[in-house]
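> Here it is: the structure, laid out below.
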Amino acid sequence: MTVGAATPDIASWPPLDDDKRPYGQQLLDWAADGSGERPRLCLLRGAEGSGKSHLLAWFLAGAAGHPRTIVHATVPAEGLTAETFAWELGRQLGYGPLSPARLLDRIGRDQRPLLLLVPDAHRAGAGPADLPAAAPATLVADLLNPLLSLPQLRAAVETGDFGLLPADGAEIIDLGGRTAPSPGRRPSAQTPFAKLLAAVPRTPDGRPDWSRASGPARRHILDAALRADDPEAAVRGLLADPGFLVHGSATALTALLADERVPTPGDLRRVWRRAAPELTAHHTDSAERAALLHAAAVGTDPVLAEYLRPLAQQHRWTAVWAQPDLPVAALAAVPGEEHQLAAADTTGRLRTYHLNTGAPAGVIGSPPFVRPVSLAARDTHSMLLLDQTGTLLPVAPEDDAAVLGHIAEHHGAAALTRKESQVTALGGDPESPYAVVGDREGSLHLWSLGDGQGVPRSCRVHEQPVRAATCLHIAAGGPTFVFSAALDGSVRLWETSTEPMPVPVEQRPYLTTALAAADTPAGPVLAVAWSDAELHLWHVPSGRMRTLPLLHACHALALTSRGVLVIGGPDGLYAVQLRLDTLWEP
């Protein structure tokens, strides 16, 4: 039942106090209007305690029941800067955390109609009060106004400041009372710094125990430190305390560390910058926050990394080493007992690295002017490369070159005959000398790198070009699994003795950037890196999945039977140890 032609009946929504029902009906009328005659901005105004936030929460609770009222993102703005607001909005819209400029570009290319709720816009802002990021007007100017210029976006914004957003041309829901316009953010609780700090429980050796601190203390103590009699000393003490870095307000720390005037211990600013997009994503578990911060510190700030390591090791995954100054374009675990990686840097040079430490192990001669984007290794001296031009190339000593050369020639000849046969993906097996080749047609071709094989085992698995592939041969007569991802966002499994699975392992509206698989003590595991900065770990026998955040752009993956996951990309080479015994537990 509807009111008029488009507005849902308010009776179908959760209960609302009688004095708020007219405002609720107005909000429904605005949101459900399909004529295009109402404004795209709805301002909820009123005095403190007038019920603005409650009205938005009420609307959100019933919004999914009507196509025009579906809310695509709700971002409470209190304490957020334009940057941290953009990260959260990007996450909720499925793009991953993006800078304001990249977010605006991405939404501009997204043609779906979007409805956004912004509670507490008048409380936005964080960091030193003399900087623009501390004022809610900066969020409006840098992000909300540009968002509202996009024709497909509508927003309901709560503001107690009548001058924060222009009322001209907006739908106004005024819940009564008056608040004086203010050019700056609404001040948070004015409790003195010394009083807040004194209320924090102590460890046996007298240090602040932030794990037991109250929520208000964690949220507001940085603001209070900036107002202290000696703000530099107060801020310095907090930043030097790794316990506060793990438990304090991530959004407040992000805003503070964006101020280059603030001195930091060690390389904290760089470490925090790397981890901040994920630290601000409502990770409330202390072990997870410690693991994220530890992962960003490994290879950059050894003192901070060592302090965080005991707590980080309680999490489901822990960083073990990093090579942050080594941009990687292609990566493969090398079969055999040497526990090595083969990696191609962005200039095309090939090297091997020790899996346990990330230390360089050797140099591999490679053809000049080749830029590998994928590798499949037979051993530390012999491997197959996929060049960025779509050409397969063998790298091997003369006595091993025949097998790899035959594979390259086979696909080169096929591509000359049919453009659909051009190679688009290459992957290997971390434990056995196998390789899988994917092409533009969506077909996969499985080869043994260890002996002569006239033709591959082939199957048409996808309807779109293959973007990434990997394979896994289970020893002692077990099956051979081939995993692949296509341009349509599907990830599929082909057990080579049968037909491919009829449904994808996973289907998402994003691109897969890398795949890796390994047979572990927990069973076969598949790792899938996505363009929205998520990494999905699939326990193949049970179909259970665990999401890991990506702190770095991922162009290549390697996974070993011991659960070591190596991530390569333009930011370097990073390894984490997965706790396979608990990884998929609830």
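Residue numbering restarts at 1 in every chain; chains get A, B, ... in the order shown in the structure tokens, and ligands count up from 1 in that same order.
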Need the shell around Ala194 of chain A: protein/DNA/RNA residues with any atom at most 9 Å away, counting only C-alpha atoms. Skip same-chain ones fewer than 4 positions apart. Format as a PDB file with N, CA and C atoms, in the first residue's frame?

```
ATOM      1  N   ALA A 198      44.507  10.628  33.664  1.00  0.00           N
ATOM      2  CA  ALA A 198      44.524  10.060  35.013  1.00  0.00           C
ATOM      3  C   ALA A 198      43.462   8.983  35.183  1.00  0.00           C
ATOM      4  N   ALA A 199      42.386   9.054  34.390  1.00  0.00           N
ATOM      5  CA  ALA A 199      41.309   8.071  34.506  1.00  0.00           C
ATOM      6  C   ALA A 199      41.607   6.770  33.766  1.00  0.00           C
ATOM      7  N   ALA A 224      41.999  16.580  23.546  1.00  0.00           N
ATOM      8  CA  ALA A 224      42.356  17.195  24.823  1.00  0.00           C
ATOM      9  C   ALA A 224      43.855  17.481  24.888  1.00  0.00           C
ATOM     10  N   ALA A 225      44.673  16.593  24.315  1.00  0.00           N
ATOM     11  CA  ALA A 225      46.120  16.827  24.303  1.00  0.00           C
ATOM     12  C   ALA A 225      46.468  18.094  23.525  1.00  0.00           C
ATOM     13  N   ALA A 228      46.056  21.000  25.789  1.00  0.00           N
ATOM     14  CA  ALA A 228      46.768  20.955  27.070  1.00  0.00           C
ATOM     15  C   ALA A 228      47.699  22.151  27.220  1.00  0.00           C
TER      16      ALA A 228
END
```
> Counting only C-alpha atoms, give me one row per residue of segment 428-527 of chain A with an atom at most 12 Å from an atom of segment 326-348 of chain A, showing the shortest contact pair and its distance in Å to one decimal, sorted by chain then residue number, as a Markdown table.

```
| residue | atom | partner | partner_atom | distance |
| --- | --- | --- | --- | --- |
| A:Gly428 | CA | A:Ala332 | CA | 7.2 |
| A:Asp429 | CA | A:Pro335 | CA | 7.3 |
| A:Pro430 | CA | A:Ala333 | CA | 5.0 |
| A:Glu431 | CA | A:Pro335 | CA | 4.5 |
| A:Ser432 | CA | A:Pro335 | CA | 5.4 |
| A:Pro433 | CA | A:Pro335 | CA | 6.4 |
| A:Tyr434 | CA | A:Pro335 | CA | 9.3 |
| A:Ala435 | CA | A:Ala332 | CA | 10.9 |
| A:Leu449 | CA | A:Pro335 | CA | 10.9 |
| A:Gly450 | CA | A:Pro335 | CA | 11.0 |
| A:Ala468 | CA | A:Ala330 | CA | 11.6 |
| A:Ala469 | CA | A:Ala332 | CA | 11.9 |
| A:Thr470 | CA | A:Ala332 | CA | 10.1 |
| A:Cys471 | CA | A:Ala332 | CA | 11.8 |
| A:Leu472 | CA | A:Pro335 | CA | 11.4 |
| A:His473 | CA | A:Pro335 | CA | 11.5 |
| A:Thr513 | CA | A:Ala330 | CA | 11.3 |
| A:Ala514 | CA | A:Ala330 | CA | 9.7 |
| A:Leu515 | CA | A:Ala332 | CA | 10.6 |
| A:Ala516 | CA | A:Ala332 | CA | 8.8 |
| A:Ala517 | CA | A:Ala333 | CA | 10.3 |
| A:Ala518 | CA | A:Ala333 | CA | 10.0 |
```
> One number please: atom CA of Arg546 of chain A to atom CA of Trp494 of chain A, in Å, one decimal.
21.4 Å
> Between A:His247, A:Arg562, A:Lys52, A:His354, which is the closest to Pro216 of chain A once you count only C-alpha atoms?
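Nearest to Pro216 of chain A: A:His247.
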> For segment 13-27 of chain A, work out the shell of residues within 7 Å, counting only C-alpha atoms and skipping chain neighbours fewer than 6 positions away, then give it as a VMD selection string.
chain A and resid 55 58 62 173
> Mind dumping the selected residues with all heavy atoms as a JSON list (two decimals), in the first residue's frame?

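What follows is the written file out_14.json:
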```
[["chain", "number", "residue", "atom", "x", "y", "z"],
["A", 55, "LEU", "N", 15.80, 10.34, 13.52],
["A", 55, "LEU", "CA", 14.96, 10.29, 12.32],
["A", 55, "LEU", "C", 15.70, 9.59, 11.17],
["A", 55, "LEU", "O", 15.11, 8.78, 10.45],
["A", 55, "LEU", "CB", 14.55, 11.71, 11.91],
["A", 55, "LEU", "CG", 13.52, 11.81, 10.78],
["A", 55, "LEU", "CD1", 12.19, 11.17, 11.20],
["A", 55, "LEU", "CD2", 13.30, 13.27, 10.38],
["A", 58, "TRP", "N", 15.74, 5.89, 11.96],
["A", 58, "TRP", "CA", 14.40, 5.34, 11.70],
["A", 58, "TRP", "C", 14.22, 5.10, 10.20],
["A", 58, "TRP", "O", 13.72, 4.04, 9.78],
["A", 58, "TRP", "CB", 13.36, 6.31, 12.22],
["A", 58, "TRP", "CG", 11.96, 6.01, 11.75],
["A", 58, "TRP", "CD1", 11.07, 5.14, 12.29],
["A", 58, "TRP", "CD2", 11.30, 6.62, 10.62],
["A", 58, "TRP", "NE1", 9.90, 5.15, 11.57],
["A", 58, "TRP", "CE2", 10.01, 6.04, 10.54],
["A", 58, "TRP", "CE3", 11.68, 7.57, 9.68],
["A", 58, "TRP", "CZ2", 9.10, 6.40, 9.55],
["A", 58, "TRP", "CZ3", 10.78, 7.93, 8.69],
["A", 58, "TRP", "CH2", 9.51, 7.34, 8.63],
["A", 62, "GLY", "N", 13.88, 1.11, 7.81],
["A", 62, "GLY", "CA", 12.84, 0.61, 6.93],
["A", 62, "GLY", "C", 13.09, 0.84, 5.46],
["A", 62, "GLY", "O", 12.27, 0.47, 4.61],
["A", 173, "ILE", "N", 14.04, 19.81, 6.31],
["A", 173, "ILE", "CA", 13.25, 19.20, 7.38],
["A", 173, "ILE", "C", 13.76, 19.82, 8.68],
["A", 173, "ILE", "O", 14.87, 19.51, 9.13],
["A", 173, "ILE", "CB", 13.40, 17.67, 7.40],
["A", 173, "ILE", "CG1", 12.90, 17.07, 6.08],
["A", 173, "ILE", "CG2", 12.65, 17.06, 8.59],
["A", 173, "ILE", "CD1", 13.04, 15.56, 5.99]]
```
> Quick one: pull the distance between atom CA of Ser374 of chain A and atom CA of Pro502 of chain A, Å, one decimal.
27.1 Å
> Out of A:Ala475, A:Leu548, A:His462, A:Ile70, which residue has the shortest atom-to-atom distance to Asp488 of chain A when counting only C-alpha atoms?
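Once distances to Asp488 of chain A are computed over only C-alpha atoms, the minimum belongs to A:His462.
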> Run DSSP on the backbone of this structure and report the residues of segment 359-418 of chain A it assigns to helix (DSSP H, G or I), as a VMD selection string.
chain A and resid 398 to 417
> Please save C-alpha atoms of the selected residues as a short mmCIF file (atom, residue, chain, number, x, y, z; two decimals), in the first residue's frame.

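Writing done, so here's again.cif:
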```cif
data_model
loop_
_atom_site.label_atom_id
_atom_site.label_comp_id
_atom_site.auth_asym_id
_atom_site.auth_seq_id
_atom_site.Cartn_x
_atom_site.Cartn_y
_atom_site.Cartn_z
CA GLU A 398 70.02 -25.07 -22.87
CA ASP A 399 69.28 -28.66 -21.79
CA ASP A 400 65.92 -27.60 -20.24
CA ALA A 401 64.86 -25.15 -22.92
CA ALA A 402 63.13 -27.64 -25.23
CA VAL A 403 60.08 -28.30 -23.03
CA LEU A 404 59.46 -24.65 -22.19
CA GLY A 405 60.24 -23.57 -25.76
CA HIS A 406 57.66 -26.00 -27.10
CA ILE A 407 54.95 -24.53 -24.83
CA ALA A 408 55.80 -20.99 -25.94
CA GLU A 409 55.83 -21.99 -29.61
CA HIS A 410 52.52 -23.84 -29.30
CA HIS A 411 50.68 -20.77 -28.00
CA GLY A 412 52.52 -18.38 -30.27
CA ALA A 413 51.40 -20.34 -33.31
CA ALA A 414 47.82 -20.56 -32.00
CA ALA A 415 47.68 -16.78 -31.50
CA LEU A 416 48.86 -16.20 -35.08
CA THR A 417 46.02 -18.41 -36.34
#
```
> For Gly127 of chain A, which of A:Ala250, A:Leu385, A:Leu93, A:Ala527 is the closest residue, counting only C-alpha atoms?
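Nearest to Gly127 of chain A: A:Ala250.
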> As an NGL selection string, please: the residues near Asp519 of chain A (cut-off 8 Å, only C-alpha atoms, same-chain neighbours under 2 positions excluded).
:A and (472 or 474 or 517 or 521-525 or 560-561)
> Which residues are near Glu158 of chain A? Cut-off 9 Å, only C-alpha atoms, ignore same chain within fewer than 6 positions. Put them as a ChimeraX atom specification.
/A:42-46,52-53,56,117-122
> Write the residues of the selection above to a file with N, CA and C atoms, as a CSV table (one decimal), in the first residue's frame.

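To be explicit, this is the file written out as part_36.csv:
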```csv
chain,number,residue,atom,x,y,z
A,42,CYS,N,18.6,16.8,0.9
A,42,CYS,CA,17.6,17.0,2.0
A,42,CYS,C,18.4,17.4,3.2
A,43,LEU,N,18.2,18.5,3.8
A,43,LEU,CA,18.8,19.0,5.0
A,43,LEU,C,18.0,18.7,6.3
A,44,LEU,N,18.5,18.0,7.2
A,44,LEU,CA,17.8,17.8,8.5
A,44,LEU,C,18.4,18.8,9.5
A,45,ARG,N,17.6,19.8,10.0
A,45,ARG,CA,18.1,20.8,10.9
A,45,ARG,C,17.3,20.7,12.2
A,46,GLY,N,17.9,21.4,13.2
A,46,GLY,CA,17.3,21.4,14.5
A,46,GLY,C,18.3,21.5,15.6
A,52,LYS,N,17.2,14.6,15.1
A,52,LYS,CA,17.7,14.5,13.8
A,52,LYS,C,18.3,13.1,13.5
A,53,SER,N,19.2,12.8,14.3
A,53,SER,CA,19.9,11.5,14.1
A,53,SER,C,18.9,10.3,14.3
A,56,LEU,N,17.0,9.9,11.0
A,56,LEU,CA,17.7,9.2,10.0
A,56,LEU,C,17.9,7.7,10.3
A,117,LEU,N,23.2,8.8,3.2
A,117,LEU,CA,22.8,9.4,4.5
A,117,LEU,C,24.1,9.9,5.2
A,118,VAL,N,24.1,11.1,5.7
A,118,VAL,CA,25.2,11.7,6.4
A,118,VAL,C,24.8,12.3,7.8
A,119,PRO,N,24.7,11.5,8.8
A,119,PRO,CA,24.5,12.0,10.1
A,119,PRO,C,25.6,12.9,10.6
A,120,ASP,N,25.3,13.9,11.4
A,120,ASP,CA,26.3,14.7,12.2
A,120,ASP,C,27.3,15.4,11.3
A,121,ALA,N,26.9,15.9,10.2
A,121,ALA,CA,27.8,16.7,9.3
A,121,ALA,C,28.4,17.9,10.0
A,122,HIS,N,27.7,18.4,10.9
A,122,HIS,CA,28.1,19.6,11.7
A,122,HIS,C,29.2,19.3,12.7
```
> Determine the nearest neighbour of Leu60 of chain A from the options A:Pro302, A:Thr84, A:Leu116, A:Val564, counting only C-alpha atoms.
A:Leu116
> Output as an NGL selection string all residues of segment 426-573 of chain A that backbone DSSP marks as strand (DSSP E or B).
:A and (426-428 or 434-439 or 443-448 or 457-460 or 466-473 or 480-486 or 490-495 or 506-507 or 512-520 or 523-530 or 534-539 or 544-549 or 556-559 or 564-569 or 572-573)
> Given the selection you just returned, output its residues as a file containing C-alpha atoms, formatted as a CSV table (one decimal), in the first residue's frame.

```csv
chain,number,residue,atom,x,y,z
A,426,LEU,CA,49.9,-17.6,-16.8
A,427,GLY,CA,50.2,-19.4,-13.4
A,428,GLY,CA,52.0,-22.2,-11.8
A,434,TYR,CA,53.0,-27.5,-13.7
A,435,ALA,CA,51.7,-24.4,-15.5
A,436,VAL,CA,48.3,-23.2,-16.7
A,437,VAL,CA,47.8,-20.8,-19.6
A,438,GLY,CA,44.7,-18.7,-20.1
A,439,ASP,CA,43.6,-17.0,-23.3
A,443,SER,CA,40.0,-21.3,-22.3
A,444,LEU,CA,42.6,-22.8,-20.0
A,445,HIS,CA,45.5,-25.0,-21.0
A,446,LEU,CA,47.4,-27.2,-18.4
A,447,TRP,CA,51.0,-28.2,-19.1
A,448,SER,CA,53.6,-30.2,-17.3
A,457,ARG,CA,44.9,-30.5,-21.4
A,458,SER,CA,42.5,-27.8,-22.4
A,459,CYS,CA,39.0,-26.6,-21.5
A,460,ARG,CA,36.8,-23.6,-22.2
A,466,VAL,CA,41.1,-15.0,-18.5
A,467,ARG,CA,42.8,-12.4,-16.3
A,468,ALA,CA,44.6,-14.7,-13.8
A,469,ALA,CA,45.2,-18.4,-13.3
A,470,THR,CA,46.9,-20.8,-11.0
A,471,CYS,CA,47.0,-24.6,-10.6
A,472,LEU,CA,47.5,-27.2,-7.9
A,473,HIS,CA,48.5,-30.8,-8.4
A,480,THR,CA,44.7,-31.4,-10.3
A,481,PHE,CA,42.8,-28.2,-9.7
A,482,VAL,CA,42.9,-25.2,-12.0
A,483,PHE,CA,41.6,-21.9,-10.6
A,484,SER,CA,41.0,-19.0,-13.0
A,485,ALA,CA,39.5,-15.5,-13.0
A,486,ALA,CA,38.0,-13.7,-16.0
A,490,SER,CA,34.1,-14.6,-12.0
A,491,VAL,CA,36.5,-17.0,-10.3
A,492,ARG,CA,36.1,-20.6,-11.4
A,493,LEU,CA,37.4,-24.1,-10.5
A,494,TRP,CA,38.2,-26.8,-13.0
A,495,GLU,CA,39.2,-30.2,-11.6
A,506,GLU,CA,33.1,-16.4,-6.5
A,507,GLN,CA,31.5,-13.6,-8.7
A,512,THR,CA,40.7,-10.1,-9.9
A,513,THR,CA,44.3,-8.8,-9.8
A,514,ALA,CA,46.1,-12.1,-8.8
A,515,LEU,CA,45.5,-15.7,-7.8
A,516,ALA,CA,47.5,-18.3,-5.8
A,517,ALA,CA,46.8,-21.7,-4.4
A,518,ALA,CA,48.5,-24.3,-2.3
A,519,ASP,CA,47.9,-27.7,-0.7
A,520,THR,CA,48.2,-27.0,3.0
A,523,GLY,CA,43.6,-28.8,2.8
A,524,PRO,CA,43.7,-26.9,-0.6
A,525,VAL,CA,43.6,-23.1,-0.2
A,526,LEU,CA,42.9,-20.5,-2.8
A,527,ALA,CA,43.9,-16.8,-2.5
A,528,VAL,CA,42.1,-14.2,-4.6
A,529,ALA,CA,43.2,-10.5,-4.7
A,530,TRP,CA,40.6,-8.0,-5.9
A,534,GLU,CA,40.3,-7.1,-0.5
A,535,LEU,CA,42.0,-10.5,-0.4
A,536,HIS,CA,39.8,-13.6,-0.1
A,537,LEU,CA,41.1,-16.8,1.2
A,538,TRP,CA,39.0,-19.9,0.3
A,539,HIS,CA,39.2,-23.2,2.1
A,544,ARG,CA,34.6,-21.2,3.7
A,545,MET,CA,36.1,-17.8,3.0
A,546,ARG,CA,38.0,-15.3,5.1
A,547,THR,CA,38.7,-11.7,4.0
A,548,LEU,CA,42.0,-10.1,4.6
A,549,PRO,CA,42.6,-6.4,4.1
A,556,ALA,CA,51.0,-10.9,-7.9
A,557,LEU,CA,50.5,-13.6,-5.2
A,558,ALA,CA,52.4,-16.6,-4.0
A,559,LEU,CA,51.1,-19.1,-1.4
A,564,VAL,CA,53.1,-18.2,3.9
A,565,LEU,CA,51.3,-15.7,1.6
A,566,VAL,CA,53.5,-13.3,-0.4
A,567,ILE,CA,52.0,-10.2,-1.9
A,568,GLY,CA,53.8,-8.3,-4.7
A,569,GLY,CA,53.1,-5.0,-6.4
A,572,GLY,CA,57.1,-3.9,-2.8
A,573,LEU,CA,57.1,-7.5,-1.6
```
> Which residues of segment 102-150 of chain A sit at most 9 Å from segment 256-263 of chain A, using only C-alpha atoms? Give each one's shortest atom pair and distance in Å (one decimal place), in chain and ascending residue order, as a tab-separated table.

```
residue	atom	partner	partner_atom	distance
A:Ala126	CA	A:Leu256	CA	7.5
A:Gly127	CA	A:Leu256	CA	4.7
A:Pro128	CA	A:Leu256	CA	6.7
A:Leu131	CA	A:Asp259	CA	8.3
```
> Next, write the just-selected residues to a file, as a short mmCIF file (atom, residue, chain, number, x, y, z; two decimals), in the first residue's frame, keeping all heavy atoms as the atom set.

```
data_model
loop_
_atom_site.label_atom_id
_atom_site.label_comp_id
_atom_site.auth_asym_id
_atom_site.auth_seq_id
_atom_site.Cartn_x
_atom_site.Cartn_y
_atom_site.Cartn_z
N ALA A 126 38.70 16.93 12.32
CA ALA A 126 39.61 16.37 13.32
C ALA A 126 40.98 16.97 13.10
O ALA A 126 41.28 17.52 12.03
CB ALA A 126 39.67 14.84 13.20
N GLY A 127 41.81 16.86 14.13
CA GLY A 127 43.18 17.36 14.04
C GLY A 127 43.31 18.74 14.64
O GLY A 127 42.36 19.29 15.21
N PRO A 128 44.51 19.33 14.55
CA PRO A 128 44.76 20.67 15.13
C PRO A 128 43.74 21.69 14.65
O PRO A 128 43.43 21.77 13.45
CB PRO A 128 46.17 20.99 14.65
CG PRO A 128 46.82 19.64 14.47
CD PRO A 128 45.74 18.74 13.98
N LEU A 131 44.01 24.07 11.48
CA LEU A 131 44.09 23.54 10.13
C LEU A 131 42.69 23.37 9.54
O LEU A 131 41.72 23.09 10.26
CB LEU A 131 44.81 22.18 10.13
CG LEU A 131 46.28 22.20 10.52
CD1 LEU A 131 46.87 20.81 10.40
CD2 LEU A 131 47.08 23.18 9.66
#
```
> Using only C-alpha atoms, determine which residues lie at most 12 Å from Asp285 of chain A, disregarding the query and same-chain residues fewer than 6 positions distant; provide the list as a PyMOL selection string.
chain A and resi 211+246-247+279+291-292+311-312+314-316
> Quick one: distance from atom CA of Asp387 of chain A to atom CA of Ala533 of chain A in Å, one decimal?
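According to the coordinates, atom CA of Asp387 of chain A and atom CA of Ala533 of chain A are separated by 24.7 Å.
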> For Gly477 of chain A, which of A:Ala64, A:Ser497, A:Ile107, A:Ala305 is the closest residue, counting only C-alpha atoms?
A:Ser497
> May I ask which of the residues A:Gly79, A:Gly543, A:Pro67, A:Pro265 is the closest one to Trp584 of chain A, counting only C-alpha atoms?
A:Gly543
> Skipping near chain neighbours, those fewer than 5 positions away, what residues fall within 8 Å of Gly563 of chain A using only C-alpha atoms, listed as a list in words?
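In the requested format, the answer is Thr520, Gln577, Leu578, Arg579 and Leu580 of chain A.
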> Write the residues of the preceding selection, restricted to N, CA, C and O atoms, as a PDB file, in the first residue's frame.

```pdb
ATOM      1  N   THR A 520      47.750 -27.244   1.700  1.00  0.00           N
ATOM      2  CA  THR A 520      48.250 -26.989   3.045  1.00  0.00           C
ATOM      3  C   THR A 520      47.803 -28.103   3.997  1.00  0.00           C
ATOM      4  O   THR A 520      46.965 -28.942   3.634  1.00  0.00           O
ATOM      5  N   GLN A 577      52.231 -14.747   7.528  1.00  0.00           N
ATOM      6  CA  GLN A 577      52.007 -16.133   7.927  1.00  0.00           C
ATOM      7  C   GLN A 577      50.547 -16.297   8.324  1.00  0.00           C
ATOM      8  O   GLN A 577      50.043 -15.601   9.198  1.00  0.00           O
ATOM      9  N   LEU A 578      49.860 -17.210   7.655  1.00  0.00           N
ATOM     10  CA  LEU A 578      48.465 -17.492   7.959  1.00  0.00           C
ATOM     11  C   LEU A 578      48.384 -18.558   9.045  1.00  0.00           C
ATOM     12  O   LEU A 578      49.115 -19.559   8.999  1.00  0.00           O
ATOM     13  N   ARG A 579      47.513 -18.357  10.010  1.00  0.00           N
ATOM     14  CA  ARG A 579      47.251 -19.383  11.030  1.00  0.00           C
ATOM     15  C   ARG A 579      46.162 -20.302  10.491  1.00  0.00           C
ATOM     16  O   ARG A 579      44.968 -20.077  10.692  1.00  0.00           O
ATOM     17  N   LEU A 580      46.583 -21.336   9.793  1.00  0.00           N
ATOM     18  CA  LEU A 580      45.645 -22.196   9.089  1.00  0.00           C
ATOM     19  C   LEU A 580      44.712 -22.940  10.031  1.00  0.00           C
ATOM     20  O   LEU A 580      43.604 -23.328   9.635  1.00  0.00           O
TER      21      LEU A 580
END
```
